[in-house]
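What follows is the content of my_file.txt, which has compact mmCIF, C-alpha atoms:
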# COMPACT_ATOMS: atom_id res chain seq x y z
CA MET A 261 -11.64 41.00 -27.36
CA THR A 262 -11.52 37.21 -27.79
CA GLU A 263 -10.52 34.85 -25.01
CA THR A 264 -7.38 33.93 -26.92
CA ALA A 265 -6.32 37.55 -27.07
CA THR A 266 -6.84 37.91 -23.31
CA VAL A 267 -4.72 34.86 -22.62
CA ARG A 268 -2.02 36.05 -24.97
CA ARG A 269 -1.92 39.53 -23.46
CA SER A 270 -1.67 38.29 -19.89
CA ARG A 271 1.08 35.77 -20.59
CA ILE A 272 4.48 36.75 -19.22
CA THR A 273 7.74 36.11 -21.09
CA PRO A 274 9.78 32.97 -20.30
CA GLU A 275 12.62 35.18 -19.05
CA ARG A 276 10.34 37.03 -16.66
CA GLU A 277 8.84 33.73 -15.53
CA ALA A 278 12.30 32.31 -14.78
CA GLU A 279 13.16 35.49 -12.84
CA LEU A 280 10.00 35.15 -10.74
CA TYR A 281 10.63 31.47 -9.98
CA SER A 282 14.19 32.18 -8.97
CA ALA A 283 13.03 34.89 -6.55
CA VAL A 284 10.43 32.51 -5.06
CA LEU A 285 13.11 29.86 -4.43
CA ASP A 286 15.42 32.44 -2.85
CA LEU A 287 12.62 33.47 -0.51
CA LEU A 288 11.82 29.82 0.31
CA ARG A 289 15.44 29.18 1.32
CA GLU A 290 15.50 32.37 3.38
CA VAL A 291 12.23 32.13 5.29
CA GLY A 292 10.67 28.70 4.57
CA TYR A 293 7.26 27.95 3.12
CA ASP A 294 5.04 29.01 6.01
CA ALA A 295 6.59 32.45 6.33
CA LEU A 296 6.61 33.07 2.58
CA THR A 297 3.82 35.47 1.54
CA MET A 298 2.50 36.57 -1.85
CA ASP A 299 3.20 40.12 -0.64
CA ALA A 300 6.88 39.27 -0.23
CA VAL A 301 7.01 37.67 -3.69
CA ALA A 302 5.26 40.69 -5.23
CA SER A 303 7.63 43.08 -3.51
CA ARG A 304 10.80 41.10 -4.31
CA THR A 305 9.85 40.71 -7.97
CA ARG A 306 8.17 44.12 -8.40
CA SER A 307 4.94 42.52 -9.59
CA SER A 308 1.38 43.12 -8.46
CA LYS A 309 -0.26 40.53 -6.25
CA ALA A 310 -3.19 40.46 -8.69
CA THR A 311 -0.82 39.34 -11.47
CA LEU A 312 0.66 36.61 -9.29
CA TYR A 313 -2.76 35.24 -8.32
CA ARG A 314 -4.06 35.46 -11.92
CA GLN A 315 -1.02 33.68 -13.30
CA TRP A 316 -0.54 31.00 -10.62
CA GLY A 317 -3.72 30.78 -8.59
CA GLY A 318 -2.00 30.70 -5.22
CA LYS A 319 1.13 30.23 -3.15
CA ALA A 320 1.19 26.43 -3.33
CA GLU A 321 1.08 26.37 -7.13
CA LEU A 322 3.60 29.17 -7.45
CA VAL A 323 6.05 27.40 -5.14
CA VAL A 324 5.72 24.01 -6.81
CA LYS A 325 5.99 25.49 -10.33
CA ALA A 326 9.12 27.32 -9.21
CA LEU A 327 10.60 24.06 -7.87
CA ARG A 328 9.68 22.17 -10.99
CA HIS A 329 11.03 24.89 -13.30
CA GLN A 330 14.37 24.78 -11.53
CA LYS A 331 14.39 21.00 -11.43
CA HIS A 332 13.74 20.36 -15.10
CA SER A 333 14.67 23.46 -16.98
CA HIS A 334 18.08 22.10 -17.94
CA PHE A 335 17.39 18.57 -19.12
CA GLY A 336 15.21 16.30 -21.18
CA GLU A 337 14.60 12.63 -20.49
CA VAL A 338 17.62 10.46 -19.82
CA ASP A 339 18.15 7.54 -22.24
CA THR A 340 21.72 6.25 -22.45
CA GLY A 341 21.05 2.70 -23.64
CA SER A 342 21.84 0.94 -20.33
CA LEU A 343 20.19 0.91 -16.90
CA ARG A 344 23.42 1.80 -15.10
CA GLY A 345 24.08 4.60 -17.59
CA ASP A 346 20.54 5.94 -17.11
CA PHE A 347 20.78 5.94 -13.30
CA HIS A 348 24.21 7.58 -13.33
CA ALA A 349 22.96 10.24 -15.76
CA LEU A 350 19.89 10.77 -13.56
CA VAL A 351 21.84 11.39 -10.35
CA THR A 352 24.38 13.67 -12.03
CA ARG A 353 21.91 15.92 -13.88
CA GLU A 354 22.30 18.46 -11.09
CA ASN A 355 25.70 19.56 -9.88
CA ASN A 356 26.58 19.26 -6.19
CA CYS A 357 25.77 22.88 -5.43
CA GLU A 358 22.30 22.57 -6.99
CA MET A 359 21.75 19.31 -5.08
CA GLU A 360 22.65 20.90 -1.75
CA GLN A 361 20.27 23.80 -2.42
CA ASN A 362 17.52 21.34 -3.34
CA SER A 363 18.18 19.31 -0.25
CA ALA A 364 17.63 22.39 1.93
CA LEU A 365 14.47 23.27 0.00
CA MET A 366 13.07 19.75 0.36
CA ARG A 367 13.67 19.74 4.11
CA GLY A 368 11.91 23.10 4.37
CA LEU A 369 8.95 21.80 2.36
CA ALA A 370 8.61 18.38 4.06
CA VAL A 371 6.50 19.74 6.92
CA ALA A 372 4.55 22.24 4.79
CA VAL A 373 3.54 19.57 2.27
CA HIS A 374 1.74 17.62 4.98
CA ALA A 375 0.07 20.66 6.49
CA ASN A 376 -1.16 22.11 3.15
CA PRO A 377 -3.37 19.89 0.96
CA ASP A 378 -3.02 22.34 -1.98
CA LEU A 379 0.74 22.16 -1.81
CA LEU A 380 0.63 18.37 -1.55
CA ASP A 381 -1.64 18.14 -4.63
CA ALA A 382 0.57 20.46 -6.62
CA PHE A 383 3.70 18.66 -5.43
CA ARG A 384 2.23 15.34 -6.54
CA ASP A 385 1.06 16.61 -9.97
CA LEU A 386 4.20 18.51 -10.80
CA ILE A 387 6.98 16.51 -9.18
CA ILE A 388 6.12 13.06 -7.83
CA ASP A 389 3.92 11.89 -10.75
CA PRO A 390 6.33 12.97 -13.53
CA GLU A 391 9.27 11.42 -11.62
CA THR A 392 7.30 8.20 -11.19
CA ASN A 393 6.43 8.15 -14.89
CA GLU A 394 9.99 8.83 -16.00
CA MET A 395 11.22 6.08 -13.66
CA GLN A 396 8.68 3.63 -15.11
CA ARG A 397 9.84 4.37 -18.68
CA LEU A 398 13.49 3.99 -17.63
CA LEU A 399 12.74 0.62 -15.95
CA GLN A 400 10.59 -0.55 -18.88
CA ARG A 401 13.46 0.05 -21.29
CA ALA A 402 15.71 -2.03 -18.99
CA VAL A 403 13.09 -4.81 -18.97
CA ASP A 404 12.87 -4.62 -22.78
CA ARG A 405 16.66 -4.88 -23.06
CA GLY A 406 16.57 -7.92 -20.76
CA GLU A 407 18.61 -6.19 -18.02
CA ILE A 408 16.02 -6.65 -15.26
CA ARG A 409 12.90 -8.76 -14.68
CA ALA A 410 9.55 -6.97 -14.84
CA ASP A 411 8.31 -8.86 -11.78
CA ASN A 412 11.25 -7.94 -9.51
CA PRO A 413 9.54 -6.46 -6.42
CA ALA A 414 12.30 -3.84 -6.07
CA THR A 415 11.04 -2.07 -9.22
CA GLN A 416 8.20 -0.51 -7.22
CA TYR A 417 10.64 0.96 -4.69
CA VAL A 418 13.20 2.70 -6.90
CA LEU A 419 11.99 6.21 -6.03
CA HIS A 420 11.95 5.29 -2.33
CA MET A 421 15.56 4.14 -2.59
CA LEU A 422 16.74 7.26 -4.44
CA ILE A 423 14.69 10.00 -2.77
CA GLY A 424 15.22 8.27 0.58
CA ALA A 425 19.01 8.21 0.22
CA PHE A 426 18.96 11.86 -0.89
CA ALA A 427 16.95 12.79 2.20
CA ALA A 428 18.77 10.54 4.70
CA ARG A 429 22.33 11.48 3.66
CA THR A 430 22.45 14.80 5.53
CA LEU A 431 20.83 13.40 8.66
CA ILE A 432 23.00 10.29 8.92
CA ASP A 433 26.36 11.56 7.72
CA GLU A 434 26.06 15.33 8.16
CA LEU A 435 27.16 15.57 4.55
CA PRO A 436 25.13 16.93 1.65
CA PRO A 437 24.00 14.46 -1.02
CA THR A 438 26.49 14.66 -3.88
CA GLN A 439 26.88 13.13 -7.33
CA GLU A 440 29.62 10.87 -5.91
CA PHE A 441 27.44 9.64 -3.03
CA LEU A 442 24.40 8.98 -5.22
CA THR A 443 26.44 7.25 -7.95
CA SER A 444 28.03 5.00 -5.34
CA TYR A 445 24.59 4.32 -3.80
CA VAL A 446 23.16 3.40 -7.21
CA ASP A 447 25.98 0.88 -7.77
CA ALA A 448 25.89 -0.55 -4.21
CA VAL A 449 22.14 -0.62 -3.59
CA VAL A 450 19.80 0.23 -6.46
CA LEU A 451 21.28 -1.95 -9.22
CA PRO A 452 21.88 -5.02 -6.97
CA ALA A 453 18.34 -4.74 -5.53
CA LEU A 454 17.01 -4.73 -9.10
CA GLY A 455 19.16 -7.77 -9.90
CA ALA A 456 20.92 -5.83 -12.67
CA MET O 122 25.84 15.79 52.76
CA THR O 123 27.86 13.62 50.39
CA GLU O 124 27.83 14.08 46.62
CA THR O 125 26.09 10.73 46.22
CA ALA O 126 23.28 11.86 48.47
CA THR O 127 22.85 15.06 46.45
CA VAL O 128 22.66 13.13 43.23
CA ARG O 129 20.21 10.70 44.72
CA ARG O 130 17.98 13.45 46.08
CA SER O 131 17.83 15.42 42.81
CA ARG O 132 17.11 12.39 40.66
CA ILE O 133 13.52 12.13 39.46
CA THR O 134 11.70 8.82 39.38
CA PRO O 135 11.53 6.82 36.14
CA GLU O 136 7.73 7.27 36.11
CA ARG O 137 8.03 11.04 36.40
CA GLU O 138 10.75 11.07 33.74
CA ALA O 139 8.52 9.10 31.35
CA GLU O 140 5.66 11.53 32.04
CA LEU O 141 7.90 14.51 31.24
CA TYR O 142 9.17 12.97 28.01
CA SER O 143 5.66 12.15 26.92
CA ALA O 144 4.57 15.76 27.48
CA VAL O 145 7.59 17.04 25.52
CA LEU O 146 6.68 14.82 22.55
CA ASP O 147 3.05 15.93 22.68
CA LEU O 148 4.19 19.55 22.58
CA LEU O 149 6.58 18.81 19.71
CA ARG O 150 3.77 17.32 17.64
CA GLU O 151 1.50 20.24 18.49
CA VAL O 152 3.79 23.20 17.88
CA GLY O 153 7.05 21.89 16.37
CA TYR O 154 10.58 22.31 17.68
CA ASP O 155 11.10 26.01 17.07
CA ALA O 156 7.93 27.05 18.87
CA LEU O 157 8.52 24.69 21.82
CA THR O 158 9.73 26.58 24.90
CA MET O 159 11.04 25.41 28.27
CA ASP O 160 8.27 27.59 29.76
CA ALA O 161 5.66 25.53 27.93
CA VAL O 162 7.26 22.27 29.10
CA ALA O 163 7.43 23.53 32.69
CA SER O 164 3.81 24.64 32.58
CA ARG O 165 2.51 21.46 30.91
CA THR O 166 4.38 19.21 33.32
CA ARG O 167 4.02 21.40 36.42
CA SER O 168 7.79 21.49 36.95
CA SER O 169 10.07 24.43 37.55
CA LYS O 170 12.23 25.63 34.69
CA ALA O 171 15.24 25.39 37.03
CA THR O 172 14.60 21.67 37.48
CA LEU O 173 14.33 21.13 33.73
CA TYR O 174 17.59 22.96 33.03
CA ARG O 175 19.41 21.22 35.92
CA GLN O 176 18.23 17.79 34.79
CA TRP O 177 18.63 18.15 31.00
CA GLY O 178 20.82 21.16 30.32
CA GLY O 179 18.65 22.58 27.57
CA LYS O 180 15.87 22.20 25.05
CA ALA O 181 17.89 20.23 22.49
CA GLU O 182 18.93 17.58 25.01
CA LEU O 183 15.48 17.35 26.54
CA VAL O 184 13.88 16.85 23.11
CA VAL O 185 16.36 14.24 21.94
CA LYS O 186 16.21 12.32 25.24
CA ALA O 187 12.43 12.33 24.98
CA LEU O 188 12.65 10.95 21.44
CA ARG O 189 15.16 8.34 22.44
CA HIS O 190 13.20 7.30 25.51
CA GLN O 191 10.11 6.74 23.40
CA LYS O 192 12.11 4.98 20.69
CA HIS O 193 13.85 2.46 22.89
CA SER O 194 11.91 2.17 26.09
CA HIS O 195 10.15 -1.00 24.96
CA PHE O 196 12.91 -3.12 23.54
CA GLY O 197 16.41 -4.44 23.90
CA GLU O 198 18.70 -5.38 21.06
CA VAL O 199 17.26 -7.55 18.32
CA ASP O 200 19.00 -10.93 17.79
CA THR O 201 16.86 -13.60 16.13
CA GLY O 202 19.59 -15.78 14.62
CA SER O 203 19.08 -14.74 10.99
CA LEU O 204 19.57 -11.50 9.08
CA ARG O 205 16.05 -11.54 7.65
CA GLY O 206 14.62 -12.25 11.10
CA ASP O 207 16.64 -9.41 12.62
CA PHE O 208 15.50 -6.89 10.00
CA HIS O 209 11.88 -7.96 10.29
CA ALA O 210 12.06 -7.68 14.09
CA LEU O 211 13.71 -4.26 13.75
CA VAL O 212 11.00 -2.77 11.53
CA THR O 213 8.16 -4.20 13.60
CA ARG O 214 9.42 -3.09 17.02
CA GLU O 215 7.03 -0.13 16.81
CA ASN O 216 3.39 -0.58 15.90
CA ASN O 217 1.92 1.38 12.98
CA CYS O 218 0.45 4.06 15.19
CA GLU O 219 3.81 4.69 16.88
CA MET O 220 5.51 4.76 13.49
CA GLU O 221 3.11 7.35 12.11
CA GLN O 222 3.64 9.55 15.17
CA ASN O 223 7.41 9.20 14.78
CA SER O 224 7.19 10.01 11.12
CA ALA O 225 5.44 13.32 11.94
CA LEU O 226 8.01 14.07 14.65
CA MET O 227 10.93 13.38 12.33
CA ARG O 228 9.54 15.67 9.64
CA GLY O 229 9.09 18.40 12.23
CA LEU O 230 12.67 17.95 13.44
CA ALA O 231 14.35 17.67 10.02
CA VAL O 232 14.61 21.43 9.56
CA ALA O 233 15.37 22.18 13.22
CA VAL O 234 18.25 19.68 13.30
CA HIS O 235 20.06 21.59 10.59
CA ALA O 236 19.43 25.00 12.12
CA ASN O 237 20.46 24.00 15.69
CA PRO O 238 23.97 22.60 16.18
CA ASP O 239 23.11 21.54 19.77
CA LEU O 240 20.13 19.56 18.57
CA LEU O 241 22.19 17.99 15.78
CA ASP O 242 24.91 16.96 18.28
CA ALA O 243 22.37 15.48 20.65
CA PHE O 244 20.53 13.79 17.81
CA ARG O 245 23.77 12.22 16.62
CA ASP O 246 24.88 11.07 20.10
CA LEU O 247 21.54 9.71 21.18
CA ILE O 248 19.95 8.39 17.99
CA ILE O 249 22.18 8.15 14.90
CA ASP O 250 25.30 6.74 16.62
CA PRO O 251 23.47 4.04 18.63
CA GLU O 252 21.44 3.04 15.54
CA THR O 253 24.65 2.84 13.52
CA ASN O 254 26.31 0.72 16.19
CA GLU O 255 23.35 -1.63 16.52
CA MET O 256 23.23 -1.99 12.72
CA GLN O 257 26.95 -2.81 12.64
CA ARG O 258 26.52 -5.55 15.26
CA LEU O 259 23.53 -6.95 13.38
CA LEU O 260 25.49 -7.00 10.10
CA GLN O 261 28.58 -8.44 11.79
CA ARG O 262 26.55 -11.37 13.11
CA ALA O 263 25.26 -11.98 9.55
CA VAL O 264 28.86 -11.90 8.27
CA ASP O 265 29.89 -14.34 11.03
CA ARG O 266 27.05 -16.69 10.08
CA GLY O 267 28.17 -16.49 6.43
CA GLU O 268 24.92 -14.85 5.28
CA ILE O 269 26.56 -11.77 3.75
CA ARG O 270 30.06 -10.73 2.69
CA ALA O 271 31.85 -8.18 4.87
CA ASP O 272 33.10 -6.30 1.79
CA ASN O 273 29.68 -5.86 0.18
CA PRO O 274 29.49 -2.08 -0.45
CA ALA O 275 25.77 -2.05 0.44
CA THR O 276 26.64 -2.72 4.11
CA GLN O 277 27.60 0.95 4.55
CA TYR O 278 24.20 2.11 3.26
CA VAL O 279 21.76 0.04 5.32
CA LEU O 280 20.65 2.98 7.48
CA HIS O 281 20.25 5.14 4.36
CA MET O 282 18.00 2.47 2.84
CA LEU O 283 15.85 2.07 5.95
CA ILE O 284 15.63 5.65 7.23
CA GLY O 285 15.28 6.84 3.63
CA ALA O 286 12.33 4.55 2.89
CA PHE O 287 10.72 5.55 6.20
CA ALA O 288 11.06 9.23 5.25
CA ALA O 289 10.17 8.91 1.56
CA ARG O 290 7.06 6.75 2.02
CA THR O 291 4.71 9.58 3.03
CA LEU O 292 5.99 11.95 0.36
CA ILE O 293 5.83 9.47 -2.54
CA ASP O 294 2.74 7.46 -1.66
CA GLU O 295 0.85 9.74 0.73
CA LEU O 296 0.73 6.76 3.06
CA PRO O 297 2.36 6.48 6.47
CA PRO O 298 5.28 4.05 6.84
CA THR O 299 3.87 0.81 8.27
CA GLN O 300 5.25 -2.53 9.44
CA GLU O 301 3.88 -4.09 6.22
CA PHE O 302 5.57 -1.52 3.98
CA LEU O 303 8.93 -1.74 5.75
CA THR O 304 8.89 -5.56 5.88
CA SER O 305 8.15 -5.68 2.15
CA TYR O 306 10.91 -3.10 1.51
CA VAL O 307 13.41 -5.15 3.54
CA ASP O 308 12.63 -8.24 1.44
CA ALA O 309 12.56 -6.42 -1.92
CA VAL O 310 15.46 -4.02 -1.45
CA VAL O 311 17.63 -4.36 1.66
CA LEU O 312 18.29 -8.12 1.64
CA PRO O 313 18.87 -8.35 -2.17
CA ALA O 314 21.22 -5.32 -2.06
CA LEU O 315 23.18 -7.09 0.69
CA GLY O 316 23.29 -10.26 -1.43
CA ALA O 317 21.50 -12.19 1.35

Once you've parsed the file, please lay out its structure as structure tokens.
Amino acid sequence: MTETATVRRSRITPEREAELYSAVLDLLREVGYDALTMDAVASRTRSSKATLYRQWGGKAELVVKALRHQKHSHFGEVDTGSLRGDFHALVTRENNCEMEQNSALMRGLAVAVHANPDLLDAFRDLIIDPETNEMQRLLQRAVDRGEIRADNPATQYVLHMLIGAFAARTLIDELPPTQEFLTSYVDAVVLPALGA
Amino acid sequence: MTETATVRRSRITPEREAELYSAVLDLLREVGYDALTMDAVASRTRSSKATLYRQWGGKAELVVKALRHQKHSHFGEVDTGSLRGDFHALVTRENNCEMEQNSALMRGLAVAVHANPDLLDAFRDLIIDPETNEMQRLLQRAVDRGEIRADNPATQYVLHMLIGAFAARTLIDELPPTQEFLTSYVDAVVLPALGA
């Protein structure tokens, strides 16, 4: 048996993968990261633990891949032709219900990320780095169109502004982050800070 | 015995109060909010549980008062005569070590706040509302001096910008929020968004 054949035989279908990720996110919302076990995932999804470990390596990777799958399964890169259009498209890619669920997940993960180096690595590779790269391409296009200056110091803080507002909304206003809130925040804060 | 005398006799000294709050914060950092018990506080501080309950009412109030005591014991209201000066003073009131400790505490509390209505109420009364009020006075003085316009939509999002950047810094950059980071963020984001 060749290595290729082994890989092919052990690969699960995209549908089954989506089902597994969805179950992992349900469990995360129910019990949080620390209390989530591979046993519980195996039992909930009727898989063997050996399969889970072979396919994902460990809990941290499984959790982050599940988050990333949910986050980006619906959409490709945003490119509307204007900076304001791109930001508005970005903050309305998820509907309000999805955003509220993500907000709860992020709160639950915020402590775990700092206590688990594996989770932090996976979180960086699969979520923070791609978001940073997409943001850089979005800003570069705005620079190329002459909408913003490349040397504006606010360009390095765009993710802090957006992720920060997403995280702070619930704490400050006891309201979930919504498309309306984030769109208004983009217009009031992000675009003016960028001088756009 | 008059009521005044009773109140006077049951009041603990400011030194003892500070000692208690400090022990509560140590415990919070060590075990997190959910695992923190009044028994543990009583044992750590050699007090009786009855005293703790009589003085603070419950765990949520004790924790939030401890946070607030630490947060504001050193400083009065900031008023430097300029908006930039006020913001810089605000984000350098705590040294970097205090900020990193607070960052860890806030992460640990973020989940608990949403699971405990008492804690959320106390958190709002003792931290969010006073911060909001101080920010409004600070912005009003800038409006009065003609530095910013009262109808600038960014004025309603100043806490989101600042608390958000504080919270997002560790996640995005794997670096603690520092005076240098927040001062740079104020100059690059907060002041330009306010049109100052």

### Task
Rounded to one decimal place, report the CA of Leu288 (chain A)-CA of Arg328 (chain A) distance in Å.
13.8 Å

### Task
Fewer than 6 positions away in the same chain doesn't count, so skip those; otherwise give me all residues within 12 Å of region 389-402 of chain A, counting all atoms listed in the file, as an MDAnalysis selection string.
(chainID A and resid 328 331:332 336:347 349:350 380:383 408:412 414:420 422:423 450:451 454:456) or (chainID O and resid 292:294)

Go through chain A residue by residue and, counting all atoms listed in the file, keep those with an atom at most 7 Å from chain O; for each kept residue give the shortest atom pair and its distance in Å to one decimal, ordered by chain and increasing number, as JSON lines.
{"residue": "A:Arg367", "atom": "CA", "partner": "O:Val232", "partner_atom": "CA", "distance": 5.8}
{"residue": "A:Gly368", "atom": "CA", "partner": "O:Val232", "partner_atom": "CA", "distance": 6.1}
{"residue": "A:Ala370", "atom": "CA", "partner": "O:Arg228", "partner_atom": "CA", "distance": 6.3}
{"residue": "A:Val371", "atom": "CA", "partner": "O:Arg228", "partner_atom": "CA", "distance": 5.8}
{"residue": "A:Ile388", "atom": "CA", "partner": "O:Ile293", "partner_atom": "CA", "distance": 6.4}
{"residue": "A:Pro413", "atom": "CA", "partner": "O:Ala309", "partner_atom": "CA", "distance": 5.4}
{"residue": "A:Ala414", "atom": "CA", "partner": "O:Ala309", "partner_atom": "CA", "distance": 4.9}
{"residue": "A:His420", "atom": "CA", "partner": "O:Ala286", "partner_atom": "CA", "distance": 5.3}
{"residue": "A:Met421", "atom": "CA", "partner": "O:Met282", "partner_atom": "CA", "distance": 6.2}
{"residue": "A:Ile423", "atom": "CA", "partner": "O:Ala289", "partner_atom": "CA", "distance": 6.4}
{"residue": "A:Gly424", "atom": "CA", "partner": "O:Gly285", "partner_atom": "CA", "distance": 3.4}
{"residue": "A:Ala425", "atom": "CA", "partner": "O:Gly285", "partner_atom": "CA", "distance": 5.2}
{"residue": "A:Ala427", "atom": "CA", "partner": "O:Gly285", "partner_atom": "CA", "distance": 6.3}
{"residue": "A:Ala428", "atom": "CA", "partner": "O:Gly285", "partner_atom": "CA", "distance": 5.2}
{"residue": "A:Arg429", "atom": "CA", "partner": "O:His281", "partner_atom": "CA", "distance": 6.7}
{"residue": "A:Ile432", "atom": "CA", "partner": "O:Ile249", "partner_atom": "CA", "distance": 6.4}
{"residue": "A:Ala448", "atom": "CA", "partner": "O:Ala275", "partner_atom": "CA", "distance": 4.9}
{"residue": "A:Val449", "atom": "CA", "partner": "O:Ala314", "partner_atom": "CA", "distance": 5.0}
{"residue": "A:Pro452", "atom": "CA", "partner": "O:Ala314", "partner_atom": "CA", "distance": 5.0}
{"residue": "A:Ala453", "atom": "CA", "partner": "O:Ala314", "partner_atom": "CA", "distance": 4.5}

#### Entry: For CA of Thr443 (chain A) and CA of Asn362 (chain A), the interatomic separation in Å (one decimal)
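Atom-to-atom, CA of Thr443 (chain A) and CA of Asn362 (chain A) are spaced 17.3 Å apart.
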
### Neighbour list for Tyr174 (chain O) as a ChimeraX atom specification, cut-off 12 Å, only C-alpha atoms, skip fewer than 2 positions in-chain
/O:158-160,162-163,168-172,176-183

### Message
Please report the interatomic distance between CA of Leu146 (chain O) and CA of Arg167 (chain O) in Å with one decimal.
### Response
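If I compute the distance from CA of Leu146 (chain O) to CA of Arg167 (chain O), I get 15.6 Å.
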
### Message
Please return as a PyMOL selection string every residue within 7 Å of (12.6, 10.3, 27.2), taking into account all atoms listed in the file and the file's own coordinates.
### Response
chain O and resi 138-139+142+186-191

Any chance you could build region 277-283 of chain O out to all heavy atoms and write it as a short mmCIF file (atom, residue, chain, number, x, y, z; two decimals), keeping the file's coordinate frame?
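Heads up, here's the output in result.cif:
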data_model
loop_
_atom_site.label_atom_id
_atom_site.label_comp_id
_atom_site.auth_asym_id
_atom_site.auth_seq_id
_atom_site.Cartn_x
_atom_site.Cartn_y
_atom_site.Cartn_z
N GLN O 277 27.45 -0.41 4.02
CA GLN O 277 27.60 0.95 4.55
C GLN O 277 26.35 1.81 4.35
O GLN O 277 26.28 2.93 4.85
CB GLN O 277 28.82 1.64 3.91
CG GLN O 277 28.64 1.90 2.42
CD GLN O 277 29.91 2.39 1.74
OE1 GLN O 277 30.48 3.39 2.12
NE2 GLN O 277 30.36 1.66 0.72
N TYR O 278 25.39 1.31 3.58
CA TYR O 278 24.20 2.11 3.26
C TYR O 278 22.90 1.57 3.86
O TYR O 278 21.82 1.99 3.47
CB TYR O 278 24.04 2.21 1.74
CG TYR O 278 25.14 2.98 1.05
CD1 TYR O 278 25.81 2.45 -0.06
CD2 TYR O 278 25.52 4.24 1.50
CE1 TYR O 278 26.81 3.16 -0.70
CE2 TYR O 278 26.53 4.95 0.88
CZ TYR O 278 27.17 4.41 -0.23
OH TYR O 278 28.17 5.12 -0.85
N VAL O 279 22.99 0.66 4.81
CA VAL O 279 21.76 0.04 5.32
C VAL O 279 20.87 1.07 6.03
O VAL O 279 19.66 1.09 5.84
CB VAL O 279 22.08 -1.15 6.25
CG1 VAL O 279 20.80 -1.70 6.87
CG2 VAL O 279 22.78 -2.25 5.46
N LEU O 280 21.47 1.95 6.83
CA LEU O 280 20.65 2.98 7.48
C LEU O 280 20.03 3.94 6.47
O LEU O 280 18.91 4.39 6.64
CB LEU O 280 21.48 3.78 8.49
CG LEU O 280 21.65 3.23 9.91
CD1 LEU O 280 22.30 4.29 10.79
CD2 LEU O 280 20.31 2.82 10.52
N HIS O 281 20.80 4.26 5.40
CA HIS O 281 20.25 5.14 4.36
C HIS O 281 19.03 4.49 3.71
O HIS O 281 18.03 5.14 3.44
CB HIS O 281 21.30 5.45 3.28
CG HIS O 281 22.52 6.13 3.81
ND1 HIS O 281 23.54 5.43 4.41
CD2 HIS O 281 22.88 7.43 3.84
CE1 HIS O 281 24.48 6.29 4.77
NE2 HIS O 281 24.11 7.50 4.44
N MET O 282 19.13 3.18 3.46
CA MET O 282 18.00 2.47 2.84
C MET O 282 16.79 2.52 3.75
O MET O 282 15.68 2.81 3.30
CB MET O 282 18.35 0.99 2.61
CG MET O 282 19.39 0.73 1.56
SD MET O 282 19.54 -1.10 1.32
CE MET O 282 21.29 -1.32 1.57
N LEU O 283 16.99 2.21 5.03
CA LEU O 283 15.85 2.07 5.95
C LEU O 283 15.26 3.42 6.36
O LEU O 283 14.06 3.63 6.27
CB LEU O 283 16.26 1.27 7.19
CG LEU O 283 16.48 -0.22 6.95
CD1 LEU O 283 17.06 -0.88 8.19
CD2 LEU O 283 15.17 -0.91 6.56
#
